[in-house]
$ cat query.txt   # compact mmCIF, C-alpha atoms
# COMPACT_ATOMS: atom_id res chain seq x y z
CA MET A 1 -99.98 -66.91 35.73
CA THR A 2 -103.00 -69.19 35.44
CA CYS A 3 -106.25 -67.63 34.24
CA ARG A 4 -108.73 -68.27 37.03
CA ILE A 5 -111.77 -66.74 35.31
CA LEU A 6 -112.24 -66.74 31.54
CA TYR A 7 -114.99 -64.58 30.06
CA ILE A 8 -116.43 -64.95 26.57
CA ILE A 9 -118.63 -62.31 24.94
CA GLY A 10 -120.07 -61.76 21.48
CA GLY A 11 -118.43 -58.36 20.91
CA LEU A 12 -117.21 -55.19 22.59
CA CYS A 13 -119.35 -52.52 20.92
CA ALA A 14 -121.10 -49.73 22.82
CA GLY A 15 -123.86 -51.74 24.46
CA GLY A 16 -125.19 -52.26 27.95
CA MET A 17 -123.98 -55.86 28.20
CA GLU A 18 -120.48 -54.85 27.16
CA ARG A 19 -120.46 -52.00 29.66
CA GLN A 20 -121.48 -54.36 32.45
CA LEU A 21 -118.61 -56.71 31.68
CA TYR A 22 -116.23 -53.75 31.72
CA PHE A 23 -117.63 -52.65 35.09
CA LEU A 24 -117.30 -56.18 36.49
CA LEU A 25 -113.67 -56.41 35.38
CA LYS A 26 -112.94 -52.93 36.67
CA GLY A 27 -114.47 -53.66 40.07
CA MET A 28 -112.85 -57.04 40.74
CA ASP A 29 -109.37 -57.72 42.10
CA ARG A 30 -107.73 -58.52 38.77
CA LYS A 31 -104.45 -59.58 40.37
CA GLU A 32 -106.29 -62.10 42.52
CA TYR A 33 -108.60 -63.54 39.86
CA SER A 34 -106.44 -63.17 36.72
CA PRO A 35 -109.41 -62.64 34.35
CA GLU A 36 -109.00 -63.00 30.59
CA LEU A 37 -111.51 -62.39 27.81
CA VAL A 38 -112.36 -64.11 24.54
CA VAL A 39 -114.33 -62.05 21.98
CA TRP A 40 -116.41 -64.03 19.50
CA ARG A 41 -116.75 -61.23 16.92
CA PHE A 42 -113.79 -58.94 17.41
CA HIS A 43 -113.37 -55.47 15.88
CA GLU A 44 -110.37 -53.44 16.96
CA GLU A 45 -112.33 -50.17 16.81
CA ASP A 46 -115.10 -51.31 19.15
CA THR A 47 -115.70 -49.09 22.16
CA TYR A 48 -114.62 -51.39 24.98
CA VAL A 49 -111.52 -52.89 23.36
CA ARG A 50 -109.23 -50.09 24.52
CA GLN A 51 -110.94 -49.70 27.87
CA ILE A 52 -110.59 -53.38 28.76
CA ARG A 53 -106.99 -53.42 27.58
CA ASP A 54 -106.34 -50.41 29.79
CA LEU A 55 -107.41 -52.59 32.74
CA GLY A 56 -104.63 -55.01 31.83
CA VAL A 57 -107.07 -57.80 30.93
CA PRO A 58 -105.71 -60.01 28.08
CA LEU A 59 -107.99 -60.16 25.01
CA HIS A 60 -108.23 -63.19 22.72
CA TYR A 61 -110.18 -63.48 19.48
CA PHE A 62 -110.61 -65.54 16.33
CA PRO A 63 -109.74 -64.86 12.69
CA SER A 64 -112.70 -63.01 11.19
CA ALA A 65 -113.12 -65.60 8.44
CA ASN A 66 -113.62 -68.46 10.87
CA SER A 67 -116.97 -70.23 10.86
CA GLY A 68 -118.92 -70.82 14.02
CA VAL A 69 -117.82 -74.46 14.13
CA ALA A 70 -114.17 -73.47 13.68
CA LYS A 71 -114.48 -70.96 16.50
CA LEU A 72 -115.96 -73.64 18.77
CA LYS A 73 -112.99 -75.90 18.12
CA THR A 74 -110.49 -73.08 18.63
CA PHE A 75 -112.18 -71.96 21.82
CA ARG A 76 -112.06 -75.50 23.21
CA ARG A 77 -108.30 -75.58 22.51
CA MET A 78 -107.91 -72.23 24.29
CA VAL A 79 -109.66 -73.63 27.35
CA ARG A 80 -107.47 -76.71 27.35
CA GLN A 81 -104.35 -74.53 27.31
CA MET A 82 -105.52 -71.83 29.75
CA LYS A 83 -107.18 -74.18 32.29
CA PRO A 84 -109.62 -71.60 33.71
CA GLN A 85 -111.48 -72.48 36.87
CA VAL A 86 -114.60 -70.64 35.65
CA ILE A 87 -115.79 -69.95 32.08
CA HIS A 88 -118.43 -67.22 32.15
CA SER A 89 -120.33 -66.50 28.94
CA TYR A 90 -121.49 -62.87 29.06
CA SER A 91 -123.71 -62.97 25.99
CA PHE A 92 -126.53 -65.42 25.47
CA TYR A 93 -125.46 -66.86 22.13
CA THR A 94 -121.98 -67.78 23.45
CA ASN A 95 -123.52 -69.81 26.31
CA PHE A 96 -123.30 -73.08 24.43
CA ALA A 97 -119.68 -72.40 23.48
CA ALA A 98 -118.78 -71.92 27.16
CA TRP A 99 -120.49 -75.19 28.09
CA TRP A 100 -119.03 -77.20 25.22
CA ALA A 101 -115.49 -75.96 25.91
CA ALA A 102 -115.82 -77.05 29.55
CA VAL A 103 -116.98 -80.61 28.80
CA GLY A 104 -114.36 -83.02 30.11
CA ARG A 105 -112.42 -80.22 31.83
CA ASN A 106 -112.31 -79.05 35.41
CA SER A 107 -113.77 -75.67 34.44
CA ILE A 108 -117.18 -74.53 35.68
CA PRO A 109 -119.28 -73.02 32.86
CA ILE A 110 -121.67 -70.15 33.60
CA GLY A 111 -124.16 -68.73 31.09
CA ALA A 112 -125.98 -65.40 30.77
CA VAL A 113 -129.45 -64.05 30.05
CA GLN A 114 -129.14 -60.29 29.51
CA SER A 115 -132.66 -59.43 28.39
CA SER A 116 -136.06 -61.09 28.08
CA PHE A 117 -135.61 -64.88 28.22
CA ALA A 118 -138.05 -65.46 25.35
CA TYR A 119 -136.44 -62.70 23.28
CA GLU A 120 -132.94 -64.12 23.82
CA LYS A 121 -134.06 -67.58 22.69
CA LYS A 122 -135.80 -66.18 19.63
CA THR A 123 -132.92 -63.99 18.48
CA GLY A 124 -130.46 -66.80 19.15
CA GLY A 125 -132.07 -68.81 16.35
CA PRO A 126 -134.01 -72.11 16.25
CA LEU A 127 -130.99 -74.25 17.19
CA LEU A 128 -128.48 -72.06 19.01
CA GLY A 129 -131.25 -70.29 20.90
CA GLN A 130 -132.45 -73.59 22.38
CA LEU A 131 -128.97 -74.92 23.12
CA SER A 132 -127.84 -71.70 24.80
CA ALA A 133 -131.02 -71.63 26.89
CA ARG A 134 -130.25 -75.07 28.37
CA TRP A 135 -126.45 -75.10 28.55
CA PRO A 136 -124.64 -74.24 30.75
CA ARG A 137 -126.98 -75.51 33.40
CA HIS A 138 -126.10 -72.61 35.71
CA GLN A 139 -126.80 -69.16 34.25
CA ILE A 140 -126.99 -65.57 35.47
CA SER A 141 -129.73 -63.12 34.52
CA ASN A 142 -129.61 -59.37 35.12
CA ASN A 143 -133.37 -59.21 35.74
CA PHE A 144 -136.02 -61.05 37.73
CA LEU A 145 -138.57 -61.08 34.89
CA ALA A 146 -136.34 -63.35 32.80
CA ALA A 147 -135.99 -65.74 35.74
CA GLU A 148 -139.76 -65.81 36.26
CA THR A 149 -140.35 -66.43 32.54
CA ALA A 150 -137.90 -69.33 32.55
CA ARG A 151 -139.52 -70.83 35.66
CA ASP A 152 -142.97 -70.66 34.07
CA SER A 153 -141.86 -72.14 30.75
CA ARG A 154 -142.77 -75.71 29.84
CA SER A 155 -139.87 -76.08 27.43
CA PRO A 156 -137.13 -78.62 28.21
CA PHE A 157 -134.59 -76.06 26.97
CA LEU A 158 -134.12 -74.17 30.22
CA PRO A 159 -131.16 -73.61 32.56
CA GLY A 160 -131.06 -75.79 35.64
CA ARG A 161 -130.50 -72.75 37.83
CA LEU A 162 -130.93 -69.11 36.86
CA SER A 163 -129.47 -66.70 39.40
CA VAL A 164 -130.37 -63.01 39.29
CA ILE A 165 -127.67 -60.36 39.63
CA ARG A 166 -128.76 -56.88 38.72
CA ASN A 167 -126.45 -54.59 36.81
CA GLY A 168 -124.00 -52.36 38.64
CA LEU A 169 -122.55 -48.89 38.14
CA ASP A 170 -119.31 -47.05 38.75
CA LEU A 171 -120.76 -44.38 41.01
CA GLU A 172 -117.59 -42.31 40.70
CA THR A 173 -118.19 -41.99 36.95
CA PHE A 174 -121.93 -41.38 37.31
CA GLN A 175 -122.07 -38.67 39.94
CA MET A 176 -124.81 -36.37 41.17
CA VAL A 177 -124.83 -33.27 38.96
CA PRO A 178 -126.77 -30.09 39.84
CA LEU A 179 -129.86 -29.52 37.73
CA SER A 180 -130.34 -26.48 35.56
CA THR A 181 -133.27 -24.38 36.74
CA ALA A 182 -133.47 -22.01 33.80
CA GLY A 183 -134.26 -22.19 30.10
CA ARG A 184 -135.87 -24.90 28.05
CA VAL A 185 -136.44 -28.26 29.73
CA GLN A 186 -134.01 -30.84 28.33
CA ILE A 187 -135.43 -34.36 27.93
CA LEU A 188 -132.95 -37.16 27.21
CA GLY A 189 -133.35 -40.54 25.52
CA VAL A 190 -130.39 -42.94 25.22
CA GLY A 191 -130.15 -46.21 23.32
CA SER A 192 -129.61 -47.89 19.98
CA LEU A 193 -131.92 -46.77 17.20
CA LEU A 194 -133.58 -50.16 16.84
CA PRO A 195 -137.27 -51.10 16.52
CA VAL A 196 -137.37 -52.70 19.98
CA LYS A 197 -136.47 -49.35 21.59
CA ARG A 198 -139.73 -47.77 20.30
CA TRP A 199 -138.45 -44.22 19.74
CA ASP A 200 -141.65 -43.56 17.81
CA ARG A 201 -143.43 -43.33 21.16
CA ILE A 202 -141.24 -40.46 22.31
CA LEU A 203 -141.70 -38.63 19.01
CA ARG A 204 -145.48 -38.86 19.17
CA ALA A 205 -145.41 -37.72 22.79
CA ALA A 206 -143.20 -34.76 21.86
CA SER A 207 -145.63 -33.79 19.12
CA ASN A 208 -148.48 -33.74 21.63
CA LEU A 209 -146.49 -31.66 24.14
CA GLN A 210 -145.62 -29.18 21.43
CA LYS A 211 -149.28 -28.82 20.42
CA ASN A 212 -150.04 -27.99 24.06
CA GLY A 213 -147.52 -25.15 24.04
CA LEU A 214 -144.90 -26.67 26.33
CA ASP A 215 -141.26 -25.59 26.01
CA PHE A 216 -138.78 -28.47 25.82
CA LEU A 217 -136.06 -30.13 23.76
CA VAL A 218 -135.70 -33.90 23.33
CA GLU A 219 -132.17 -35.17 22.69
CA ILE A 220 -131.84 -38.75 21.46
CA ALA A 221 -128.38 -40.29 21.76
CA GLY A 222 -127.57 -43.47 19.89
CA GLY A 223 -126.83 -44.91 16.50
CA GLY A 224 -128.56 -47.58 14.48
CA PRO A 225 -130.50 -48.51 11.36
CA LEU A 226 -133.56 -46.38 12.18
CA HIS A 227 -131.70 -43.07 12.22
CA GLU A 228 -132.99 -41.78 8.87
CA SER A 229 -136.55 -43.01 9.32
CA LEU A 230 -136.80 -41.48 12.80
CA GLU A 231 -135.49 -38.17 11.54
CA GLN A 232 -138.09 -38.30 8.78
CA GLN A 233 -140.82 -39.04 11.34
CA ALA A 234 -139.67 -36.06 13.43
CA ARG A 235 -139.81 -33.80 10.38
CA SER A 236 -143.28 -35.01 9.43
CA LEU A 237 -144.48 -34.26 12.97
CA GLY A 238 -143.04 -30.76 12.81
CA LEU A 239 -140.45 -31.44 15.50
CA THR A 240 -137.28 -30.20 13.82
CA ASP A 241 -136.68 -27.60 16.54
CA ARG A 242 -137.88 -29.84 19.39
CA VAL A 243 -136.05 -33.14 18.75
CA LYS A 244 -132.31 -33.50 18.17
CA PHE A 245 -130.61 -36.73 17.11
CA ILE A 246 -127.02 -36.53 18.32
CA GLY A 247 -125.80 -39.98 17.27
CA HIS A 248 -123.62 -42.32 19.26
CA THR A 249 -121.60 -40.95 22.17
CA ASP A 250 -119.57 -42.62 24.89
CA ASP A 251 -119.92 -39.71 27.30
CA ILE A 252 -123.28 -40.54 28.88
CA PRO A 253 -122.47 -38.71 32.15
CA GLU A 254 -122.03 -35.45 30.22
CA LEU A 255 -125.34 -35.97 28.42
CA LEU A 256 -127.12 -36.63 31.69
CA ALA A 257 -125.50 -33.57 33.25
CA GLY A 258 -127.08 -31.41 30.55
CA SER A 259 -130.52 -32.99 30.88
CA ASN A 260 -133.43 -32.47 33.27
CA PHE A 261 -134.93 -35.97 33.11
CA LEU A 262 -134.76 -39.22 31.15
CA VAL A 263 -137.49 -40.91 29.11
CA HIS A 264 -137.17 -44.62 28.26
CA THR A 265 -139.83 -46.30 26.09
CA SER A 266 -138.25 -49.64 25.11
CA GLU A 267 -140.56 -52.61 24.47
CA ILE A 268 -138.11 -55.27 25.70
CA GLU A 269 -135.50 -54.80 28.43
CA GLY A 270 -133.61 -56.61 31.13
CA CYS A 271 -132.02 -54.25 33.62
CA PRO A 272 -131.35 -51.13 31.52
CA ASN A 273 -128.09 -49.36 32.31
CA VAL A 274 -129.25 -45.93 31.27
CA VAL A 275 -132.14 -45.92 33.75
CA MET A 276 -129.72 -46.69 36.57
CA GLU A 277 -127.20 -44.17 35.24
CA ALA A 278 -129.80 -41.41 35.13
CA MET A 279 -130.79 -42.11 38.72
CA ALA A 280 -127.14 -42.11 39.80
CA CYS A 281 -126.70 -38.68 38.20
CA GLY A 282 -129.72 -37.35 40.04
CA ARG A 283 -132.17 -37.38 37.16
CA ALA A 284 -135.83 -38.38 37.34
CA VAL A 285 -136.88 -41.21 35.01
CA ILE A 286 -140.06 -41.83 33.06
CA ALA A 287 -139.96 -45.39 31.73
CA MET A 288 -142.28 -48.04 30.39
CA ASP A 289 -142.54 -51.22 32.45
CA ALA A 290 -140.25 -53.53 30.46
CA GLY A 291 -137.97 -55.95 32.27
CA ASP A 292 -137.13 -54.89 35.81
CA ILE A 293 -137.83 -51.18 35.33
CA SER A 294 -140.75 -51.22 37.77
CA SER A 295 -138.31 -52.34 40.47
CA LEU A 296 -135.61 -49.86 39.57
CA VAL A 297 -137.87 -46.80 39.33
CA GLU A 298 -140.00 -46.14 42.40
CA GLU A 299 -143.34 -44.82 41.14
CA GLY A 300 -143.89 -41.23 42.21
CA ARG A 301 -140.61 -41.10 44.14
CA THR A 302 -137.71 -41.46 41.69
CA GLY A 303 -139.83 -41.12 38.58
CA PHE A 304 -142.84 -42.63 36.84
CA VAL A 305 -143.43 -46.14 35.49
CA VAL A 306 -145.83 -46.30 32.54
CA ARG A 307 -147.56 -49.42 31.25
CA ARG A 308 -146.08 -50.41 27.90
CA GLY A 309 -148.08 -48.96 25.03
CA ASP A 310 -149.95 -46.46 27.22
CA GLU A 311 -148.93 -43.38 25.29
CA ALA A 312 -151.62 -41.20 26.87
CA THR A 313 -150.08 -41.70 30.31
CA LEU A 314 -146.60 -41.25 28.88
CA ILE A 315 -147.61 -37.84 27.54
CA GLU A 316 -149.25 -36.92 30.84
CA ARG A 317 -146.15 -37.87 32.87
CA MET A 318 -143.81 -36.01 30.53
CA ALA A 319 -146.02 -32.92 30.73
CA THR A 320 -145.99 -33.15 34.53
CA LEU A 321 -142.20 -33.02 34.71
CA VAL A 322 -141.82 -30.40 32.01
CA THR A 323 -144.02 -28.07 34.05
CA ASP A 324 -142.76 -28.96 37.55
CA ARG A 325 -139.04 -28.40 38.04
CA ASN A 326 -139.22 -28.96 41.79
CA LEU A 327 -140.75 -32.38 41.27
CA TYR A 328 -138.06 -33.69 38.93
CA ARG A 329 -135.39 -32.21 41.24
CA ARG A 330 -136.81 -34.13 44.23
CA MET A 331 -137.15 -37.29 42.19
CA GLY A 332 -133.55 -36.96 41.01
CA GLU A 333 -132.27 -36.62 44.57
CA ALA A 334 -134.23 -39.72 45.61
CA GLY A 335 -132.82 -41.59 42.62
CA ARG A 336 -129.24 -40.81 43.63
CA THR A 337 -129.93 -42.04 47.15
CA LYS A 338 -131.29 -45.33 45.77
CA ALA A 339 -128.31 -45.69 43.42
CA GLU A 340 -125.83 -45.27 46.26
CA LYS A 341 -127.57 -48.00 48.25
CA GLU A 342 -128.17 -50.54 45.47
CA PHE A 343 -126.23 -49.94 42.26
CA GLY A 344 -122.53 -50.01 43.25
CA LEU A 345 -119.80 -52.15 41.71
CA ASP A 346 -118.94 -53.83 45.01
CA ARG A 347 -122.36 -55.52 44.99
CA LEU A 348 -122.03 -56.58 41.34
CA VAL A 349 -118.63 -58.18 41.96
CA SER A 350 -119.49 -59.84 45.27
CA GLU A 351 -122.75 -61.33 43.99
CA THR A 352 -121.06 -62.61 40.81
CA LEU A 353 -118.27 -64.32 42.72
CA ALA A 354 -120.80 -65.77 45.15
CA THR A 355 -122.70 -67.26 42.21
CA TYR A 356 -119.50 -68.90 40.92
CA ARG A 357 -119.03 -70.45 44.37
CA ALA A 358 -122.63 -71.67 44.43
CA ALA A 359 -121.95 -73.41 41.09
CA GLY A 360 -119.03 -75.30 42.66
CA TRP A 361 -116.05 -72.97 42.33
CA LYS A 362 -113.49 -73.41 45.13
CA ASP A 363 -112.23 -69.86 45.68
CA VAL A 364 -108.93 -70.61 47.40
$ encode --input "query.txt" --output "structure tokens"
Amino acid sequence: MTCRILYIIGGLCAGGMERQLYFLLKGMDRKEYSPELVVWRFHEEDTYVRQIRDLGVPLHYFPSANSGVAKLKTFRRMVRQMKPQVIHSYSFYTNFAAWWAAVGRNSIPIGAVQSSFAYEKKTGGPLLGQLSARWPRHQISNNFLAAETARDSRSPFLPGRLSVIRNGLDLETFQMVPLSTAGRVQILGVGSLLPVKRWDRILRAASNLQKNGLDFLVEIAGGGPLHESLEQQARSLGLTDRVKFIGHTDDIPELLAGSNFLVHTSEIEGCPNVVMEAMACGRAVIAMDAGDISSLVEEGRTGFVVRRGDEATLIERMATLVTDRNLYRRMGEAGRTKAEKEFGLDRLVSETLATYRAAGWKDV
């Protein structure tokens, strides 16, 4: 059977981008579109390897010792043999590989911008960041802020067309869960323990809430290089019985079920999965205004949006929800309603396929 759509992604670890690709593959008619996937940096133990294989999607990868140039050559040979109609790069730094493999073929290359456009270019490196920003000419972003940034840029290294398709969710996995109305208020934070996520903001806010005599527990789920330093910061702030680092977990729905509301303080974002997941599970969200968060969270209705760096307001909003259970219950219910209207997989799949068609794909 001919592969109609070939995806390429940097890796399959436990990240938001990887989860979105899994959701897209899960939601589409795989018999109809015969998707296959190439993984640039493959590790058998990565979270989404088994899950994507369980969908019946063929996985391809390169020998770990291969250089970037060798992988480009191998990937071009794969494309020549597989003859995909569409090559969709799902990570920014594989954009150029998707374009280069399609040169001289009948395949339509599609690129991706999964976070801040400027941040993606910077982290891509001085050469690859520029090349992947310009090629393929048609790219998909998961947030409107990246599209606006690209439009306002004076650089020649820009996509010709940047379509916006917000992330989607499996609403059967992320279901409305009744809130606990007794005991200590459970505050949840989810994400990699990286500097850009700004966990220090939550810790300082927790210290202030504790000094004001409020009863709560913050659980932070995620792994990363800042684990030890964040634990040390929590100890130095006297938060050992108020903040719990639980490490990486794949069962986000269970974590959300045990929480009362979510706090998200990242400095740079696109369309954060966990914010949408919390809303789908009926949890209020307090989040700083990175990426498209101000469009996802309706101020005062499904949660609170805080200006980045405004820790005084962050503390105030957290204190409001800790002391008002009825408020975070109402916000959670409104969040679930919004999720059902806007976050489903059917929309993610239909908008993605429509973008392929707009780029010239003949879906026959």
$ closest_atom_pairs --input "query.txt" --of "segment 16-48 of chain A" --to "segment 55-73 of chain A" --cutoff "9 Å" --atoms "all atoms listed in the file" --output "tab-separated table"
residue	atom	partner	partner_atom	distance
A:Tyr22	CA	A:Leu55	CA	9.0
A:Leu25	CA	A:Leu55	CA	7.8
A:Lys26	CA	A:Leu55	CA	6.8
A:Arg30	CA	A:Val57	CA	7.9
A:Ser34	CA	A:Val57	CA	7.9
A:Pro35	CA	A:Val57	CA	6.4
A:Glu36	CA	A:Pro58	CA	5.1
A:Leu37	CA	A:Leu59	CA	5.0
A:Val38	CA	A:His60	CA	4.6
A:Val39	CA	A:Tyr61	CA	5.1
A:Trp40	CA	A:Tyr61	CA	6.3
A:Arg41	CA	A:Ser64	CA	7.2
A:Phe42	CA	A:Tyr61	CA	6.2
A:His43	CA	A:Ser64	CA	8.9
$ closest_atom_pairs --input "query.txt" --of "segment 228-328 of chain A" --to "segment 145-167 of chain A" --cutoff "9 Å" --atoms "only C-alpha atoms" --output "JSON lines"
{"residue": "A:Gly270", "atom": "CA", "partner": "A:Ala146", "partner_atom": "CA", "distance": 7.5}
{"residue": "A:Cys271", "atom": "CA", "partner": "A:Asn167", "partner_atom": "CA", "distance": 6.4}
{"residue": "A:Pro272", "atom": "CA", "partner": "A:Asn167", "partner_atom": "CA", "distance": 8.0}
{"residue": "A:Asn273", "atom": "CA", "partner": "A:Asn167", "partner_atom": "CA", "distance": 7.1}
{"residue": "A:Met276", "atom": "CA", "partner": "A:Asn167", "partner_atom": "CA", "distance": 8.6}
{"residue": "A:Ala290", "atom": "CA", "partner": "A:Leu145", "partner_atom": "CA", "distance": 8.9}
{"residue": "A:Gly291", "atom": "CA", "partner": "A:Leu145", "partner_atom": "CA", "distance": 5.8}
{"residue": "A:Asp292", "atom": "CA", "partner": "A:Leu145", "partner_atom": "CA", "distance": 6.4}
$ closest_residue --input "query.txt" --among "A:Pro84, A:Thr337, A:Phe92, A:Tyr119" --to "Trp135 of chain A" --atoms "only C-alpha atoms"
A:Phe92
$ atom_distance --input "query.txt" --atom1 "atom CA of Glu277 of chain A" --atom2 "atom CA of Leu179 of chain A"
15.1 Å
$ residues_around --input "query.txt" --residues "Thr313 of chain A" --least-positions-apart "6" --cutoff "10 Å" --atoms "all atoms listed in the file" --output "list in words"
Ala205, Phe304, Val305, Val306, Arg307 and Ala319 of chain A
$ residues_around --input "query.txt" --residues "Gly282 of chain A" --least-positions-apart "2" --cutoff "9 Å" --atoms "all atoms listed in the file" --output "short mmCIF file (atom, residue, chain, number, x, y, z; two decimals) with C-alpha atoms, in the coordinates of the input"
data_model
loop_
_atom_site.label_atom_id
_atom_site.label_comp_id
_atom_site.auth_asym_id
_atom_site.auth_seq_id
_atom_site.Cartn_x
_atom_site.Cartn_y
_atom_site.Cartn_z
CA GLN A 175 -122.07 -38.67 39.94
CA MET A 176 -124.81 -36.37 41.17
CA VAL A 177 -124.83 -33.27 38.96
CA PRO A 178 -126.77 -30.09 39.84
CA LEU A 179 -129.86 -29.52 37.73
CA LEU A 256 -127.12 -36.63 31.69
CA ALA A 257 -125.50 -33.57 33.25
CA PHE A 261 -134.93 -35.97 33.11
CA GLU A 277 -127.20 -44.17 35.24
CA ALA A 278 -129.80 -41.41 35.13
CA MET A 279 -130.79 -42.11 38.72
CA ALA A 280 -127.14 -42.11 39.80
CA ALA A 284 -135.83 -38.38 37.34
CA ARG A 329 -135.39 -32.21 41.24
CA ARG A 330 -136.81 -34.13 44.23
CA MET A 331 -137.15 -37.29 42.19
CA GLY A 332 -133.55 -36.96 41.01
CA GLU A 333 -132.27 -36.62 44.57
CA ALA A 334 -134.23 -39.72 45.61
CA GLY A 335 -132.82 -41.59 42.62
CA ARG A 336 -129.24 -40.81 43.63
CA THR A 337 -129.93 -42.04 47.15
#
$ build_atoms --input "query.txt" --residues "segment 136-151 of chain A" --atoms "N, CA and C atoms" --output "mmCIF file, in the frame of the given file"
data_model
loop_
_atom_site.group_PDB
_atom_site.id
_atom_site.type_symbol
_atom_site.label_atom_id
_atom_site.label_comp_id
_atom_site.auth_asym_id
_atom_site.auth_seq_id
_atom_site.Cartn_x
_atom_site.Cartn_y
_atom_site.Cartn_z
ATOM 1 N N PRO A 136 -124.904 -73.485 29.522
ATOM 2 C CA PRO A 136 -124.640 -74.240 30.750
ATOM 3 C C PRO A 136 -125.876 -74.353 31.634
ATOM 4 N N ARG A 137 -125.828 -75.298 32.538
ATOM 5 C CA ARG A 137 -126.980 -75.510 33.400
ATOM 6 C C ARG A 137 -127.149 -74.386 34.419
ATOM 7 N N HIS A 138 -126.042 -73.734 34.774
ATOM 8 C CA HIS A 138 -126.100 -72.610 35.710
ATOM 9 C C HIS A 138 -125.898 -71.322 34.916
ATOM 10 N N GLN A 139 -126.877 -70.414 34.990
ATOM 11 C CA GLN A 139 -126.800 -69.160 34.250
ATOM 12 C C GLN A 139 -127.134 -67.991 35.172
ATOM 13 N N ILE A 140 -126.742 -66.793 34.723
ATOM 14 C CA ILE A 140 -126.990 -65.570 35.470
ATOM 15 C C ILE A 140 -127.830 -64.634 34.616
ATOM 16 N N SER A 141 -128.907 -64.130 35.187
ATOM 17 C CA SER A 141 -129.730 -63.120 34.520
ATOM 18 C C SER A 141 -129.561 -61.790 35.232
ATOM 19 N N ASN A 142 -129.695 -60.692 34.488
ATOM 20 C CA ASN A 142 -129.610 -59.370 35.120
ATOM 21 C C ASN A 142 -130.990 -58.852 35.529
ATOM 22 N N ASN A 143 -132.037 -59.688 35.375
ATOM 23 C CA ASN A 143 -133.370 -59.210 35.740
ATOM 24 C C ASN A 143 -134.256 -60.366 36.206
ATOM 25 N N PHE A 144 -135.152 -60.042 37.139
ATOM 26 C CA PHE A 144 -136.020 -61.050 37.730
ATOM 27 C C PHE A 144 -137.108 -61.526 36.771
ATOM 28 N N LEU A 145 -137.525 -60.675 35.829
ATOM 29 C CA LEU A 145 -138.570 -61.080 34.890
ATOM 30 C C LEU A 145 -138.109 -62.255 34.034
ATOM 31 N N ALA A 146 -136.851 -62.234 33.589
ATOM 32 C CA ALA A 146 -136.340 -63.350 32.800
ATOM 33 C C ALA A 146 -136.356 -64.641 33.604
ATOM 34 N N ALA A 147 -135.987 -64.554 34.884
ATOM 35 C CA ALA A 147 -135.990 -65.740 35.740
ATOM 36 C C ALA A 147 -137.403 -66.281 35.924
ATOM 37 N N GLU A 148 -138.366 -65.393 36.108
ATOM 38 C CA GLU A 148 -139.760 -65.810 36.260
ATOM 39 C C GLU A 148 -140.276 -66.465 34.979
ATOM 40 N N THR A 149 -139.916 -65.874 33.826
ATOM 41 C CA THR A 149 -140.350 -66.430 32.540
ATOM 42 C C THR A 149 -139.789 -67.828 32.341
ATOM 43 N N ALA A 150 -138.514 -68.015 32.685
ATOM 44 C CA ALA A 150 -137.900 -69.330 32.550
ATOM 45 C C ALA A 150 -138.572 -70.344 33.470
ATOM 46 N N ARG A 151 -138.867 -69.927 34.703
ATOM 47 C CA ARG A 151 -139.520 -70.830 35.660
ATOM 48 C C ARG A 151 -140.892 -71.265 35.174
#
